[in-house]
Amino acid sequence: MKSLYAGRAGQAALLAGACGLALAFSATADAQDAADAAEEEAQPAPPAPDQAAEGNEIIVTATKREQTLQDVPIAVSVTSAKTLEQAQIRDLKDLTSVVPSLRVTQLQSSANTNFIIRGFGNGANNAGIEPSVGVFIDGVYRSRSAAQIGDFPDVQRIEVLRGPQSTLFGKNASVGVISIVTAAPKFDFGGNVEASYGNYDAVVLKGVVTGPVTDGLAVSLAGGVNKRDGYNKDLGTGNETNERNRWFVRGQALWEPNAQARVRLIGDYSKIDENCCGVVNLRPSSATQAIRALGGRVNGPDEIYANRVYSNIDSVNDIENWGASGQVDYDFGPLTFTSITAYRRLDAFTNQDSDFTSADLIGFNAQDQGIKTFTQELRAATNMDGPLNFLVGGYYFNESIRQSNQLGWGEDARGYADVLIRGLTQNTQSLSSIEATISGLTGTNYTGRFFVAGQKLDERYRLKNEAFSVFGQADFKIGDRLTVTGGINYTKDKKDFAASATSSDVFANLDLVQIGGTALSRGFISTALGTTDPLAIAAFAQANPTVFANLQAQASGFAALNANLSTQQAAADSNPLTVGNPLLALQDLQYLPPFLAVPNAVEPGRTRDDKFTYIVRVAYDLTDDINVYASYATGFKASSINLSRDSRPLLSDREALIARGLTVVNQTYGSRFAGPESSTVYEIGLKADWGLVTANLAAFDQRINGFQSNTFTGSGFVLANAGKQSVRGIEFEGTVKPAKGWQFNVAMTYLDPKYDSFVLSAVGDLSKTRPAGIPAISSTFAASYDHEFDSGHHLILRGDFHYESPVQIAEGLPGFLDGGTRVAIEAARPFRREVNEANASITWAMPSGFELTLWGRNLTDNRYLLQIFDTPAQPGSISGYTSQPRTYGVAARYRF
């Protein structure tokens, strides 16, 4: 295999950028010199970033060494700055259109972005669930999704590493890595500025300037603003949602005191303040009709893509993200020592109308979250001409999360509950009659106290995560063409967590089983005595104390036998003495029940995990242009913690909790945490570079044991480990340059996923079924043409088409489990997604450095559902998130 172990980190990429700036300066100087007009006409337009290295010759750091894409025996997709600019890819969400094996979705809020590679991935919506896809920016790990969203001011390239990467990247890369590499400061003055305007009043302003301060010190400063009106009109509030309103600033310094040492310091700050994200109703239920009867507005299934939603309050997404990092590289003979130290801080406050209607049912669903992260990496890598090269290192991770949530009833909650109670009891009861009945049974006055606005669940969570890993990898070259690689990683992870919540929801704090038992007991006595008059019953008890005591004992046994039976079960029972507890039909309305705090005497509130992961790979150069490889790798992700109101004790702790008297009213059992997941992949691949044609092919069999599944139920999240999930697939990426200025790209992914075993999913046993949301085929076809005129001007045309085959969006919906697993699965079956998106741009590039681009994304206005879920507070209803509509605009850029 050819190697490119550079003695100076980033030297090749910086040299390419410096050459581009030199050409730009040359063209500008010639334009000012009339005597050299003829030479000016011969100058090419200033090249876009990375133009000097394209296709399989682009430099990547997938193995934490600099190598060409051709020489890296890993399935990795690389998107250059040139592609990012011409395709108008604004953030990681848009990257899917050029990397078919990657899927990026933003759902509940601006703070939640989910990354999936080869069908695997999780981590959104719950800060305690670590992502399975690791995101790194300039070698610094970004631990949570809100910290991973950002515009691209000075990106050099984005590498998407597919398959487990835990050997070199640690515990959070069990299915892949996204590595974003930005341009380091340069010792020649230069930069670029860009202004863009598009539909929905989209305005993007960004730029970067770089240059020397002294002979050994260079700096750069990048910044930008990204604003856009929302594409969904909220007819409840009168405002717009799914908007953009964010800005950033990023400063860097590069100090090279001598030929052996390099120090790179980076500081950044970004701010998001957006109204996001709109939800549409896909399937109404009787509860939805009840909301409409109260005057609430909900969109109908026939207007899913009408860009109209309904809320009674605007969403809040107030997110601050900042950090600083320092990287030191030092060359000592054949060794390069590297240290990367980073501290990051994320503060996010979000709030939304979680019933997704214009009625004030759920008055607020606020979350205040803070995350502090410190990381330290040390490594040493050889740079030798001999047959052996190796890399060894260690990594330390320390993170603390604090989070508080508030979820409470709104002003319309009582009226809505009254309608639901009438429906559940076939119009035999109302909210006021239930309050009166329960008051009589308990001796407590509950009149006017159920579902009162402001009653809430007040939640508090803490998580402390400390982890370290040591790793090493060696490449041994046998002869001129064969290279054998072996690597190992040991990771130890420690988590300590605490969770508590206080419920002021009066109705949710009632023990309907016990209260219903009291009613059954009284009913038994009344039937036995032939009267319901309490005075007559009291008189009988006083006159016949022994008989009445025996009657009470019989009544208690009768009540205990029947109290847990629902009305439907009782009706189906042939035993005439079986009488169901009528109050159990109202348990579905106990949305905010009490919460058992952790840690407690049974649950310690901690997890301890450790794992060895490794990789074995053989690579062989068939010719100077064709490389093949075969590898086996393992991956690891530590336990995840359920930091939500659905964090409930494990069923295995039930007896111990009861024995110690630690259960709360309406105690249910679920998952405080999910155990670690481990992954394996068998992969064979081929990389070919014939100059005008490149081809990269990978075939793999990838499996995850204990995949951490996180499913929304309409009222909370179910976190559970799947037994085993597997996927077999083939990936192909190729480029062709048939003539001067022309380039064609194709990328295709075929996936065949399966739940080998998943008995305890949120919708029942899914073993031997296909996981939802993973299309069989994902592909992107792109073409570009760069025509250079004699004057030095360039006309650059680019277009791409992204296709994903039809796929069911969700395996099932937990809100329909009352009818059994089959009903829950069938409820989700009609909702499928197919993607057909076309993007294009036209750029006019002038020798002076000025460029003008017309661009469009999703030109066919292809709309589809991103996700579906059980609608909160609307039993039997289904809601979902929709994709972004067509966007287009014009951008002006100046390079200097």
# chains A, B, ... in the order shown; residues from 1 in each chain; ligands from 1

call {"tool": "closest_atom_pairs", "arguments": {"of": "stretch 460-502 of chain A", "to": "stretch 405-428 of chain A", "cutoff": "10 Å", "atoms": "only C-alpha atoms", "output": "CSV"}}
result
residue,atom,partner,partner_atom,distance
A:Arg460,CA,A:Asn405,CA,6.5
A:Tyr461,CA,A:Asn405,CA,8.5
A:Ala501,CA,A:Asn405,CA,9.0
A:Thr502,CA,A:Gln406,CA,9.8

call {"tool": "write_last_selection", "arguments": {"atoms": "N, CA, C and O atoms", "output": "PDB file, in the first residue's frame"}}
result
ATOM      1  N   ARG A 460     -36.230  16.367  37.983  1.00  0.00           N
ATOM      2  CA  ARG A 460     -34.843  16.771  38.150  1.00  0.00           C
ATOM      3  C   ARG A 460     -33.936  15.566  37.913  1.00  0.00           C
ATOM      4  O   ARG A 460     -34.165  14.486  38.479  1.00  0.00           O
ATOM      5  N   TYR A 461     -32.896  15.775  37.094  1.00  0.00           N
ATOM      6  CA  TYR A 461     -31.991  14.687  36.732  1.00  0.00           C
ATOM      7  C   TYR A 461     -30.539  15.152  36.834  1.00  0.00           C
ATOM      8  O   TYR A 461     -30.223  16.312  36.557  1.00  0.00           O
ATOM      9  N   ALA A 501     -38.799  13.266  40.870  1.00  0.00           N
ATOM     10  CA  ALA A 501     -39.891  14.045  40.293  1.00  0.00           C
ATOM     11  C   ALA A 501     -41.009  14.159  41.315  1.00  0.00           C
ATOM     12  O   ALA A 501     -41.264  13.228  42.090  1.00  0.00           O
ATOM     13  N   THR A 502     -41.666  15.293  41.295  1.00  0.00           N
ATOM     14  CA  THR A 502     -42.804  15.540  42.177  1.00  0.00           C
ATOM     15  C   THR A 502     -44.027  15.825  41.323  1.00  0.00           C
ATOM     16  O   THR A 502     -43.993  16.704  40.459  1.00  0.00           O
TER      17      THR A 502
END

call {"tool": "residues_around", "arguments": {"residues": "A:Phe397", "least_positions_apart": "3", "cutoff": "7 Å", "atoms": "only C-alpha atoms", "output": "ChimeraX atom specification"}}
result
/A:374-376,466-468

call {"tool": "write_last_selection", "arguments": {"atoms": "N, CA and C atoms", "output": "compact mmCIF listing (two decimals), in the first residue's frame"}}
result
# COMPACT_ATOMS: atom_id res chain seq x y z
N PHE A 374 -15.33 17.58 29.46
CA PHE A 374 -13.87 17.73 29.36
C PHE A 374 -13.31 16.47 28.75
N THR A 375 -12.43 16.62 27.76
CA THR A 375 -11.79 15.46 27.14
C THR A 375 -10.30 15.72 26.99
N GLN A 376 -9.56 14.64 27.06
CA GLN A 376 -8.10 14.71 26.89
C GLN A 376 -7.64 13.47 26.13
N GLU A 466 -17.75 9.34 33.70
CA GLU A 466 -16.29 9.38 33.61
C GLU A 466 -15.83 8.11 32.92
N ALA A 467 -14.95 8.29 31.94
CA ALA A 467 -14.49 7.13 31.19
C ALA A 467 -13.05 7.36 30.73
N PHE A 468 -12.34 6.27 30.55
CA PHE A 468 -11.02 6.37 29.96
C PHE A 468 -10.80 5.16 29.06

call {"tool": "closest_residue", "arguments": {"among": "A:Asn275, A:Leu596, A:Glu731, A:Val204", "to": "A:Gly661", "atoms": "only C-alpha atoms"}}
result
A:Leu596

call {"tool": "atom_distance", "arguments": {"atom1": "atom CA of A:Phe450", "atom2": "atom CA of A:Thr350"}}
result
27.0 Å

call {"tool": "residues_around", "arguments": {"residues": "A:Tyr330", "least_positions_apart": "3", "cutoff": "6 Å", "atoms": "only C-alpha atoms", "output": "PyMOL selection string"}}
result
chain A and resi 260-261+336-337

call {"tool": "residues_around", "arguments": {"residues": "stretch 711-728 of chain A", "least_positions_apart": "6", "cutoff": "8 Å", "atoms": "only C-alpha atoms", "output": "MDAnalysis selection string"}}
result
chainID A and resid 118:119 591 642 644:646 670:675 677 699:705 751:762 813:815 869:873

call {"tool": "atom_distance", "arguments": {"atom1": "atom CA of A:Asp458", "atom2": "atom CA of A:Ile401"}}
result
17.2 Å
